[in-house]
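A.B. asks: Input structure.cif, format and content: mmCIF, C-alpha atoms.
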```cif
data_structure
#
loop_
_atom_site.group_PDB
_atom_site.id
_atom_site.type_symbol
_atom_site.label_atom_id
_atom_site.label_comp_id
_atom_site.auth_asym_id
_atom_site.auth_seq_id
_atom_site.Cartn_x
_atom_site.Cartn_y
_atom_site.Cartn_z
ATOM 1 C CA MET A 1 7.494 81.269 16.896
ATOM 2 C CA GLU A 2 10.914 80.690 15.379
ATOM 3 C CA LYS A 3 11.087 81.664 11.730
ATOM 4 C CA LYS A 4 11.635 78.858 9.237
ATOM 5 C CA THR A 5 13.855 78.923 6.195
ATOM 6 C CA ILE A 6 12.340 78.137 2.794
ATOM 7 C CA LYS A 7 14.091 74.743 2.875
ATOM 8 C CA GLU A 8 12.567 73.955 6.270
ATOM 9 C CA ALA A 9 9.137 75.074 5.053
ATOM 10 C CA ILE A 10 9.376 72.729 2.055
ATOM 11 C CA PHE A 11 10.418 69.858 4.301
ATOM 12 C CA GLU A 12 7.446 70.486 6.588
ATOM 13 C CA VAL A 13 5.001 70.560 3.691
ATOM 14 C CA LEU A 14 6.238 67.268 2.202
ATOM 15 C CA ILE A 15 6.312 65.468 5.544
ATOM 16 C CA SER A 16 2.899 66.768 6.626
ATOM 17 C CA GLN A 17 1.287 65.867 3.283
ATOM 18 C CA ASN A 18 3.106 62.532 3.285
ATOM 19 C CA LYS A 19 3.368 62.406 -0.485
ATOM 20 C CA PRO A 20 5.433 63.892 -3.305
ATOM 21 C CA LEU A 21 4.166 67.258 -4.578
ATOM 22 C CA ASN A 22 4.882 69.504 -7.513
ATOM 23 C CA ILE A 23 6.255 73.035 -7.148
ATOM 24 C CA LYS A 24 2.906 74.832 -7.170
ATOM 25 C CA GLU A 25 1.413 72.441 -4.618
ATOM 26 C CA ILE A 26 4.371 72.944 -2.311
ATOM 27 C CA TYR A 27 4.204 76.714 -2.685
ATOM 28 C CA LEU A 28 0.453 76.863 -1.987
ATOM 29 C CA GLN A 29 0.862 74.718 1.132
ATOM 30 C CA ILE A 30 3.594 77.036 2.422
ATOM 31 C CA VAL A 31 1.360 80.063 1.920
ATOM 32 C CA GLU A 32 -1.799 78.420 3.295
ATOM 33 C CA ASN A 33 -0.055 77.288 6.464
ATOM 34 C CA GLN A 34 1.962 80.512 6.769
ATOM 35 C CA LEU A 35 5.213 78.608 6.968
ATOM 36 C CA TYR A 36 7.299 81.336 5.362
ATOM 37 C CA ASP A 37 6.862 85.071 4.855
ATOM 38 C CA PHE A 38 7.829 85.749 1.233
ATOM 39 C CA LYS A 39 9.126 89.206 0.385
ATOM 40 C CA ALA A 40 9.794 88.603 -3.326
ATOM 41 C CA GLU A 41 7.503 89.701 -6.181
ATOM 42 C CA ASN A 42 7.405 86.140 -7.553
ATOM 43 C CA PRO A 43 7.538 83.898 -4.455
ATOM 44 C CA GLU A 44 6.710 80.691 -6.345
ATOM 45 C CA HIS A 45 9.873 81.233 -8.364
ATOM 46 C CA ILE A 46 11.861 81.260 -5.100
ATOM 47 C CA VAL A 47 10.451 77.848 -4.184
ATOM 48 C CA ARG A 48 11.106 76.533 -7.694
ATOM 49 C CA THR A 49 14.727 77.742 -7.674
ATOM 50 C CA LEU A 50 15.537 76.202 -4.309
ATOM 51 C CA LEU A 51 13.955 72.864 -5.233
ATOM 52 C CA ARG A 52 15.710 72.640 -8.592
ATOM 53 C CA ARG A 53 19.128 73.614 -7.199
ATOM 54 C CA HIS A 54 18.946 71.125 -4.333
ATOM 55 C CA SER A 55 17.248 68.120 -5.944
ATOM 56 C CA GLU A 56 18.765 64.902 -7.189
ATOM 57 C CA ASN A 57 18.141 64.037 -10.863
ATOM 58 C CA ILE A 58 18.213 67.684 -11.971
ATOM 59 C CA SER A 59 21.566 68.805 -13.339
ATOM 60 C CA PHE A 60 22.549 72.251 -14.583
ATOM 61 C CA PRO A 61 25.606 74.534 -14.168
ATOM 62 C CA SER A 62 24.405 76.515 -11.127
ATOM 63 C CA ALA A 63 22.904 73.530 -9.336
ATOM 64 C CA SER A 64 24.116 73.069 -5.768
ATOM 65 C CA LYS A 65 26.164 70.059 -4.723
ATOM 66 C CA SER A 66 24.033 69.844 -1.565
ATOM 67 C CA LYS A 67 20.951 67.744 -2.331
ATOM 68 C CA TYR A 68 17.963 67.688 0.059
ATOM 69 C CA PHE A 69 15.209 66.539 -2.288
ATOM 70 C CA THR A 70 14.625 64.112 -5.151
ATOM 71 C CA PHE A 71 12.918 64.966 -8.426
ATOM 72 C CA LEU A 72 10.621 62.173 -9.587
ATOM 73 C CA ASN A 73 9.676 61.267 -13.133
ATOM 74 C CA ASN A 74 6.122 62.596 -12.811
ATOM 75 C CA GLY A 75 7.318 66.118 -12.050
ATOM 76 C CA THR A 76 6.964 65.960 -8.266
ATOM 77 C CA PHE A 77 9.515 66.332 -5.486
ATOM 78 C CA TRP A 78 10.161 64.239 -2.398
ATOM 79 C CA VAL A 79 12.583 64.224 0.532
ATOM 80 C CA LYS A 80 15.949 62.756 -0.382
ATOM 81 C CA ASP A 81 16.749 59.311 1.108
ATOM 82 C CA LYS A 82 13.261 59.016 2.601
ATOM 83 C CA PRO A 83 11.075 56.104 1.351
ATOM 84 C CA ASN A 84 8.345 57.220 -0.973
ATOM 85 C CA PRO A 85 5.062 56.789 0.986
ATOM 86 C CA ILE A 86 2.972 55.907 -2.043
ATOM 87 C CA GLN A 87 5.586 53.445 -3.330
ATOM 88 C CA GLN A 88 5.843 55.319 -6.604
ATOM 89 C CA LYS A 89 8.048 53.590 -9.107
ATOM 90 C CA VAL A 90 10.728 56.124 -9.785
ATOM 91 C CA LYS A 91 12.783 56.217 -12.876
ATOM 92 C CA VAL A 92 15.764 58.488 -12.538
ATOM 93 C CA LEU A 93 15.643 60.806 -15.511
ATOM 94 C CA SER A 94 19.308 61.663 -15.670
ATOM 95 C CA LYS A 95 20.910 58.542 -14.197
ATOM 96 C CA GLU A 96 22.221 57.409 -17.553
ATOM 97 C CA LEU A 97 23.608 60.830 -18.388
ATOM 98 C CA LEU A 98 27.168 61.848 -17.652
ATOM 99 C CA PRO A 99 27.043 64.243 -14.676
ATOM 100 C CA TYR A 100 27.741 67.880 -15.543
ATOM 101 C CA ASP A 101 30.754 68.056 -13.220
ATOM 102 C CA GLU A 102 32.324 65.073 -14.997
ATOM 103 C CA ILE A 103 31.869 66.769 -18.367
ATOM 104 C CA ILE A 104 33.643 69.889 -17.061
ATOM 105 C CA ASP A 105 36.441 67.726 -15.658
ATOM 106 C CA LEU A 106 36.841 65.965 -19.010
ATOM 107 C CA GLN A 107 36.974 69.329 -20.758
ATOM 108 C CA LYS A 108 39.774 70.508 -18.448
ATOM 109 C CA LYS A 109 41.748 67.318 -19.066
ATOM 110 C CA TYR A 110 41.226 67.591 -22.820
ATOM 111 C CA ASN A 111 42.349 71.263 -22.850
ATOM 112 C CA ALA A 112 45.478 70.407 -20.852
ATOM 113 C CA ILE A 113 46.465 67.691 -23.334
ATOM 114 C CA PHE A 114 45.543 69.923 -26.274
ATOM 115 C CA LYS A 115 47.715 72.799 -24.978
ATOM 116 C CA LYS A 116 50.628 70.434 -24.382
ATOM 117 C CA ASN A 117 50.440 69.111 -27.953
ATOM 118 C CA ILE A 118 50.180 72.600 -29.489
ATOM 119 C CA LEU A 119 53.195 73.751 -27.479
ATOM 120 C CA LYS A 120 55.183 70.679 -28.493
ATOM 121 C CA GLN A 121 54.461 71.440 -32.134
ATOM 122 C CA LEU A 122 55.446 75.104 -31.761
ATOM 123 C CA SER A 123 58.757 74.173 -30.138
ATOM 124 C CA LYS A 124 59.710 72.153 -33.218
ATOM 125 C CA ILE A 125 59.042 74.690 -35.966
ATOM 126 C CA ASP A 126 61.858 76.633 -37.640
ATOM 127 C CA PHE A 127 62.984 79.688 -35.629
ATOM 128 C CA GLU A 128 62.152 82.013 -38.531
ATOM 129 C CA ASP A 129 58.655 80.529 -38.707
ATOM 130 C CA PHE A 130 58.296 81.094 -34.970
ATOM 131 C CA GLU A 131 59.217 84.758 -35.402
ATOM 132 C CA GLU A 132 56.557 85.087 -38.096
ATOM 133 C CA PHE A 133 54.096 83.267 -35.850
ATOM 134 C CA CYS A 134 54.751 85.786 -33.046
ATOM 135 C CA ARG A 135 54.344 88.673 -35.479
ATOM 136 C CA GLN A 136 50.928 87.428 -36.550
ATOM 137 C CA LEU A 137 49.913 86.715 -32.953
ATOM 138 C CA LEU A 138 50.635 90.332 -32.017
ATOM 139 C CA GLN A 139 48.617 91.521 -35.008
ATOM 140 C CA VAL A 140 45.666 89.407 -33.943
ATOM 141 C CA TYR A 141 45.972 90.946 -30.479
ATOM 142 C CA GLY A 142 45.641 94.453 -31.891
ATOM 143 C CA PHE A 143 49.179 95.548 -32.744
ATOM 144 C CA LYS A 144 49.676 97.525 -35.954
ATOM 145 C CA ASN A 145 52.549 97.637 -38.432
ATOM 146 C CA VAL A 146 54.227 94.601 -36.871
ATOM 147 C CA LYS A 147 57.452 93.668 -38.608
ATOM 148 C CA VAL A 148 60.139 91.033 -38.185
ATOM 149 C CA THR A 149 63.631 92.529 -38.346
ATOM 150 C CA ARG A 150 67.023 91.148 -39.230
ATOM 151 C CA LYS A 151 69.162 90.905 -36.098
ATOM 152 C CA THR A 152 72.219 92.208 -37.884
ATOM 153 C CA LYS A 153 70.384 95.478 -38.563
ATOM 154 C CA ASP A 154 68.430 96.099 -35.381
ATOM 155 C CA GLY A 155 70.520 95.401 -32.300
ATOM 156 C CA GLY A 156 69.354 91.838 -31.753
ATOM 157 C CA ILE A 157 65.580 92.310 -31.538
ATOM 158 C CA ASP A 158 63.350 90.044 -33.592
ATOM 159 C CA GLY A 159 60.661 92.562 -34.441
ATOM 160 C CA PHE A 160 58.591 95.566 -33.447
ATOM 161 C CA GLY A 161 55.112 96.988 -33.802
ATOM 162 C CA GLU A 162 52.705 99.657 -32.615
ATOM 163 C CA LEU A 163 50.052 99.339 -29.931
ATOM 164 C CA LYS A 164 47.444 102.082 -29.602
ATOM 165 C CA ILE A 165 46.460 102.788 -25.988
ATOM 166 C CA GLY A 166 43.814 105.479 -25.727
ATOM 167 C CA ILE A 167 45.043 108.437 -27.762
ATOM 168 C CA ALA A 168 48.692 107.388 -27.515
ATOM 169 C CA THR A 169 50.624 104.856 -29.568
ATOM 170 C CA MET A 170 53.317 102.709 -27.940
ATOM 171 C CA ILE A 171 56.206 101.363 -29.965
ATOM 172 C CA VAL A 172 56.929 97.816 -28.791
ATOM 173 C CA ALA A 173 59.812 95.484 -29.611
ATOM 174 C CA PHE A 174 59.621 91.724 -29.351
ATOM 175 C CA GLU A 175 62.075 88.876 -28.945
ATOM 176 C CA CYS A 176 61.397 85.193 -29.751
ATOM 177 C CA LYS A 177 63.130 82.121 -28.318
ATOM 178 C CA ARG A 178 61.866 78.891 -29.836
ATOM 179 C CA TRP A 179 63.311 76.603 -27.200
ATOM 180 C CA ALA A 180 62.080 73.133 -26.310
ATOM 181 C CA LYS A 181 63.650 72.632 -22.887
ATOM 182 C CA ASN A 182 66.099 75.367 -21.871
ATOM 183 C CA THR A 183 64.767 77.930 -19.422
ATOM 184 C CA VAL A 184 65.183 81.603 -20.343
ATOM 185 C CA GLY A 185 67.242 83.212 -17.603
ATOM 186 C CA ARG A 186 67.782 86.768 -16.437
ATOM 187 C CA PRO A 187 70.810 87.437 -18.736
ATOM 188 C CA LYS A 188 68.673 87.017 -21.870
ATOM 189 C CA VAL A 189 66.000 89.350 -20.512
ATOM 190 C CA SER A 190 68.623 91.930 -19.486
ATOM 191 C CA GLN A 191 70.260 91.723 -22.893
ATOM 192 C CA PHE A 192 66.926 92.280 -24.602
ATOM 193 C CA ARG A 193 66.219 95.269 -22.360
ATOM 194 C CA GLY A 194 69.620 96.731 -23.208
ATOM 195 C CA ASP A 195 68.892 96.379 -26.929
ATOM 196 C CA ILE A 196 65.613 98.298 -26.718
ATOM 197 C CA GLN A 197 66.280 100.801 -23.901
ATOM 198 C CA GLY A 198 65.738 104.328 -25.185
ATOM 199 C CA LYS A 199 64.317 103.105 -28.498
ATOM 200 C CA TYR A 200 61.056 101.399 -27.526
ATOM 201 C CA GLN A 201 58.484 101.979 -24.800
ATOM 202 C CA GLN A 202 57.986 98.284 -24.053
ATOM 203 C CA GLY A 203 59.372 94.864 -24.864
ATOM 204 C CA ILE A 204 57.672 91.491 -25.240
ATOM 205 C CA PHE A 205 59.701 88.327 -24.797
ATOM 206 C CA PHE A 206 58.196 85.138 -26.247
ATOM 207 C CA THR A 207 59.494 81.670 -25.519
ATOM 208 C CA THR A 208 58.079 78.198 -26.048
ATOM 209 C CA SER A 209 59.855 77.082 -22.862
ATOM 210 C CA LYS A 210 59.782 78.822 -19.456
ATOM 211 C CA PHE A 211 61.330 81.788 -17.666
ATOM 212 C CA SER A 212 63.443 81.435 -14.552
ATOM 213 C CA LYS A 213 62.355 83.116 -11.313
ATOM 214 C CA GLU A 214 65.216 85.602 -11.692
ATOM 215 C CA ALA A 215 64.039 86.474 -15.201
ATOM 216 C CA LYS A 216 60.496 87.069 -13.946
ATOM 217 C CA ASP A 217 61.750 89.218 -11.062
ATOM 218 C CA SER A 218 63.757 91.397 -13.467
ATOM 219 C CA SER A 219 61.025 91.903 -16.052
ATOM 220 C CA LEU A 220 59.636 95.025 -14.384
ATOM 221 C CA GLN A 221 62.143 97.456 -12.909
ATOM 222 C CA VAL A 222 61.753 101.073 -11.846
ATOM 223 C CA GLY A 223 63.253 103.423 -14.428
ATOM 224 C CA ALA A 224 63.772 100.691 -17.014
ATOM 225 C CA VAL A 225 61.695 99.749 -20.034
ATOM 226 C CA PRO A 226 59.183 97.060 -18.968
ATOM 227 C CA ILE A 227 59.542 93.591 -20.449
ATOM 228 C CA ILE A 228 56.413 91.426 -20.765
ATOM 229 C CA LEU A 229 57.290 87.743 -20.467
ATOM 230 C CA ILE A 230 55.099 85.239 -22.306
ATOM 231 C CA ASP A 231 56.087 81.601 -21.882
ATOM 232 C CA GLY A 232 54.833 78.553 -23.781
ATOM 233 C CA ASN A 233 51.630 78.174 -21.782
ATOM 234 C CA GLY A 234 50.958 81.892 -22.131
ATOM 235 C CA ILE A 235 51.367 81.698 -25.893
ATOM 236 C CA VAL A 236 48.843 78.859 -26.154
ATOM 237 C CA ASP A 237 46.453 80.748 -23.865
ATOM 238 C CA LEU A 238 46.601 83.734 -26.235
ATOM 239 C CA MET A 239 46.022 81.436 -29.197
ATOM 240 C CA MET A 240 42.921 79.979 -27.565
ATOM 241 C CA GLU A 241 41.649 83.367 -26.434
ATOM 242 C CA LYS A 242 41.904 84.825 -29.945
ATOM 243 C CA GLU A 243 41.244 81.519 -31.774
ATOM 244 C CA PHE A 244 44.523 82.005 -33.601
ATOM 245 C CA GLY A 245 45.840 78.745 -35.039
ATOM 246 C CA VAL A 246 43.092 76.829 -33.248
ATOM 247 C CA GLU A 247 39.420 76.273 -33.923
ATOM 248 C CA LYS A 248 36.737 76.132 -31.264
ATOM 249 C CA ILE A 249 33.943 73.621 -31.629
ATOM 250 C CA GLU A 250 30.725 74.448 -29.797
ATOM 251 C CA LEU A 251 29.222 71.307 -28.301
ATOM 252 C CA PRO A 252 25.664 71.801 -26.983
ATOM 253 C CA ILE A 253 25.264 70.533 -23.414
ATOM 254 C CA TYR A 254 21.658 69.916 -22.415
ATOM 255 C CA THR A 255 20.468 69.974 -18.811
ATOM 256 C CA ASN A 256 17.302 68.539 -17.326
ATOM 257 C CA ALA A 257 14.488 71.092 -16.990
ATOM 258 C CA LEU A 258 11.569 68.686 -17.382
ATOM 259 C CA ASP A 259 10.219 69.709 -13.994
ATOM 260 C CA LEU A 260 9.309 73.105 -15.461
ATOM 261 C CA ILE A 261 7.000 71.366 -17.943
ATOM 262 C CA LEU A 262 5.566 68.648 -15.742
ATOM 263 C CA GLN A 263 4.511 70.892 -12.890
ATOM 264 C CA LYS A 264 0.777 71.434 -12.675
ATOM 265 C CA GLU A 265 -0.616 74.941 -12.909
#
```
Now that the file is in, can you turn its structure into structure tokens?
C.D. replies:
Amino acid sequence: MEKKTIKEAIFEVLISQNKPLNIKEIYLQIVENQLYDFKAENPEHIVRTLLRRHSENISFPSASKSKYFTFLNNGTFWVKDKPNPIQQKVKVLSKELLPYDEIIDLQKKYNAIFKKNILKQLSKIDFEDFEEFCRQLLQVYGFKNVKVTRKTKDGGIDGFGELKIGIATMIVAFECKRWAKNTVGRPKVSQFRGDIQGKYQQGIFFTTSKFSKEAKDSSLQVGAVPIILIDGNGIVDLMMEKEFGVEKIELPIYTNALDLILQKE
């Protein structure tokens, strides 16, 4: 006899019984009729997981997009798109709720707009304020003794700091370009590298705009001090990661787990 999958076993139970059943009833029918050979320590949990992941009207983050069953308001399950044999009046529990996938999509759209607005604001602040902003951002990220320098005294760099890596400490210089539209090209990166070569172990180049492809290609070169490029989007990503200059609001998202309560023991 050809072995059935758990999904096929559940289908067979529901069709043969010709009525909606709860999780325990389905599981006991599978065992009684030897429709599936469970190897797990908690086989009923396997049935429960498959039903919940593949049933309409139950929504949670790891739920599958493929739906084979329907969860009814009395805690039972039936075959999706198949008429209910006992003509049970079904009220969809989560029909009036915004689907989980739509909430995630809205969050992505909101974050994109939020990042764009933050970046727009950063690109308008005074260049000295932007240098101080970058100094504090590096501190939040773990750098020590971060200072903003005067260009006339330090070869054109905007600041430097220390980053402890293991037992070693790396001295890092940073450059800040508070630009709204202009793209940072390779000459600016090369100039920055020339200013710090032999004095610092690494350089970080911040800009509120973008880097050209040539600039990106030249950031890491064999035998030369590496330059880390952080564009406007990267800056906002760091802000959000460290909650620096932004605040995160935790909004509780509830998912339907009523079937766990309504099932009969």
A.B. asks: Measuring between only C-alpha atoms, which one of A:His54, A:Lys124, A:Arg48, A:Lys4 shows the shortest distance to Leu21 of chain A?
C.D. replies: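 Looking at the shortest contact to Leu21 of chain A, the residue is A:Arg48.
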A.B. asks: I'd like to see the residues matched by the PyMOL selection byres ((chain A and resi 169) around 12) on this file, and ideally I'd get them as a list in words.
C.D. replies: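 So the PyMOL selection byres ((chain A and resi 169) around 12) ends up selecting Gly142, Phe143, Lys144, Asn145, Gly161, Glu162, Leu163, Lys164, Ile165, Gly166, Ile167, Ala168, Met170, Ile171, Val172, Tyr200, Gln201 and Gln202 of chain A.
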A.B. asks: For Leu14 of chain A, work out the shell of residues within 10 Å, counting all atoms listed in the file and skipping chain neighbours fewer than 6 positions away, then give it as a list in words.
C.D. replies: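 Once the nearby chain positions are removed, what remains is Pro20, Leu21, Glu25, Ile26, Gln29, Phe77, Trp78 and Val79 of chain A.
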A.B. asks: Determine the residue membership of the PyMOL selection byres ((chain A and resi 179-189) around 12) for the file above and supply it as a compact mmCIF listing (two decimals) with C-alpha atoms, in the coordinates of the input.
C.D. replies:
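expr-v1.txt, freshly written:
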```
# COMPACT_ATOMS: atom_id res chain seq x y z
CA LYS A 116 50.63 70.43 -24.38
CA LEU A 119 53.20 73.75 -27.48
CA LYS A 120 55.18 70.68 -28.49
CA GLN A 121 54.46 71.44 -32.13
CA LEU A 122 55.45 75.10 -31.76
CA SER A 123 58.76 74.17 -30.14
CA LYS A 124 59.71 72.15 -33.22
CA ILE A 125 59.04 74.69 -35.97
CA ASP A 126 61.86 76.63 -37.64
CA PHE A 127 62.98 79.69 -35.63
CA PHE A 130 58.30 81.09 -34.97
CA GLY A 156 69.35 91.84 -31.75
CA ILE A 157 65.58 92.31 -31.54
CA PHE A 174 59.62 91.72 -29.35
CA GLU A 175 62.08 88.88 -28.94
CA CYS A 176 61.40 85.19 -29.75
CA LYS A 177 63.13 82.12 -28.32
CA ARG A 178 61.87 78.89 -29.84
CA SER A 190 68.62 91.93 -19.49
CA GLN A 191 70.26 91.72 -22.89
CA PHE A 192 66.93 92.28 -24.60
CA ARG A 193 66.22 95.27 -22.36
CA GLY A 194 69.62 96.73 -23.21
CA ASP A 195 68.89 96.38 -26.93
CA ILE A 196 65.61 98.30 -26.72
CA GLN A 197 66.28 100.80 -23.90
CA GLY A 203 59.37 94.86 -24.86
CA ILE A 204 57.67 91.49 -25.24
CA PHE A 205 59.70 88.33 -24.80
CA PHE A 206 58.20 85.14 -26.25
CA THR A 207 59.49 81.67 -25.52
CA THR A 208 58.08 78.20 -26.05
CA SER A 209 59.86 77.08 -22.86
CA LYS A 210 59.78 78.82 -19.46
CA PHE A 211 61.33 81.79 -17.67
CA SER A 212 63.44 81.44 -14.55
CA LYS A 213 62.36 83.12 -11.31
CA GLU A 214 65.22 85.60 -11.69
CA ALA A 215 64.04 86.47 -15.20
CA LYS A 216 60.50 87.07 -13.95
CA ASP A 217 61.75 89.22 -11.06
CA SER A 218 63.76 91.40 -13.47
CA SER A 219 61.02 91.90 -16.05
CA LEU A 220 59.64 95.02 -14.38
CA GLN A 221 62.14 97.46 -12.91
CA VAL A 225 61.70 99.75 -20.03
CA PRO A 226 59.18 97.06 -18.97
CA ILE A 227 59.54 93.59 -20.45
CA ILE A 228 56.41 91.43 -20.76
CA LEU A 229 57.29 87.74 -20.47
CA ILE A 230 55.10 85.24 -22.31
CA ASP A 231 56.09 81.60 -21.88
CA GLY A 232 54.83 78.55 -23.78
```
A.B. asks: For atom CA of Gly223 of chain A and atom CA of Gly159 of chain A, quote the distance in Å rounded to one decimal.
C.D. replies: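 Separation between atom CA of Gly223 of chain A and atom CA of Gly159 of chain A: 22.9 Å.
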A.B. asks: Report the residues retrieved by the PyMOL selection byres ((chain A and resi 46) around 12) from the displayed file, expressed as an MDAnalysis selection string.
C.D. replies: chainID A and resid 5:7 10 23:24 26:27 30 36:45 47:53
A.B. asks: Report, as AutoDock Vina command-line options, the centre and edge lengths in Å (one decimal) of the axis-aligned box enclosing every listed atom of segment 47-60 of chain A, padded by 4 Å on each side.
C.D. replies:
```
--center_x 16.5 --center_y 70.9 --center_z -9.4 --size_x 20.1 --size_y 21.8 --size_z 18.4
```
A.B. asks: Name the residues in contact with Asn256 of chain A at a cut-off of 6 Å, using only C-alpha atoms, excluding same-chain residues fewer than 2 positions from it; report them as a PyMOL selection string.
C.D. replies: chain A and resi 58-59+258
A.B. asks: One decimal, in Å: what's the spacing between atom CA of Ser62 of chain A and atom CA of Leu28 of chain A?
C.D. replies: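 Between these atoms lies a distance of 25.6 Å.
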A.B. asks: Considering all atoms listed in the file, state which residue in the set A:Glu132, A:Leu137, A:Ile15, A:Val146 is at the smallest distance from Lys82 of chain A.
C.D. replies: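 That would be A:Ile15, the residue with the smallest distance to Lys82 of chain A.
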A.B. asks: At what distance in Å, to one decimal, does atom CA of Val31 of chain A lie from atom CA of Gln17 of chain A?
C.D. replies: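 Taking atom CA of Gln17 of chain A as the start and atom CA of Val31 of chain A as the end point, the length is 14.3 Å.
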A.B. asks: Here is a test: counting all atoms listed in the file, which residue of A:Asp81, A:Asn33, A:Lys108, A:Glu241 is nearest to Ser55 of chain A?
C.D. replies: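 Looking only at the distances to Ser55 of chain A, the closest residue turns out to be A:Asp81.
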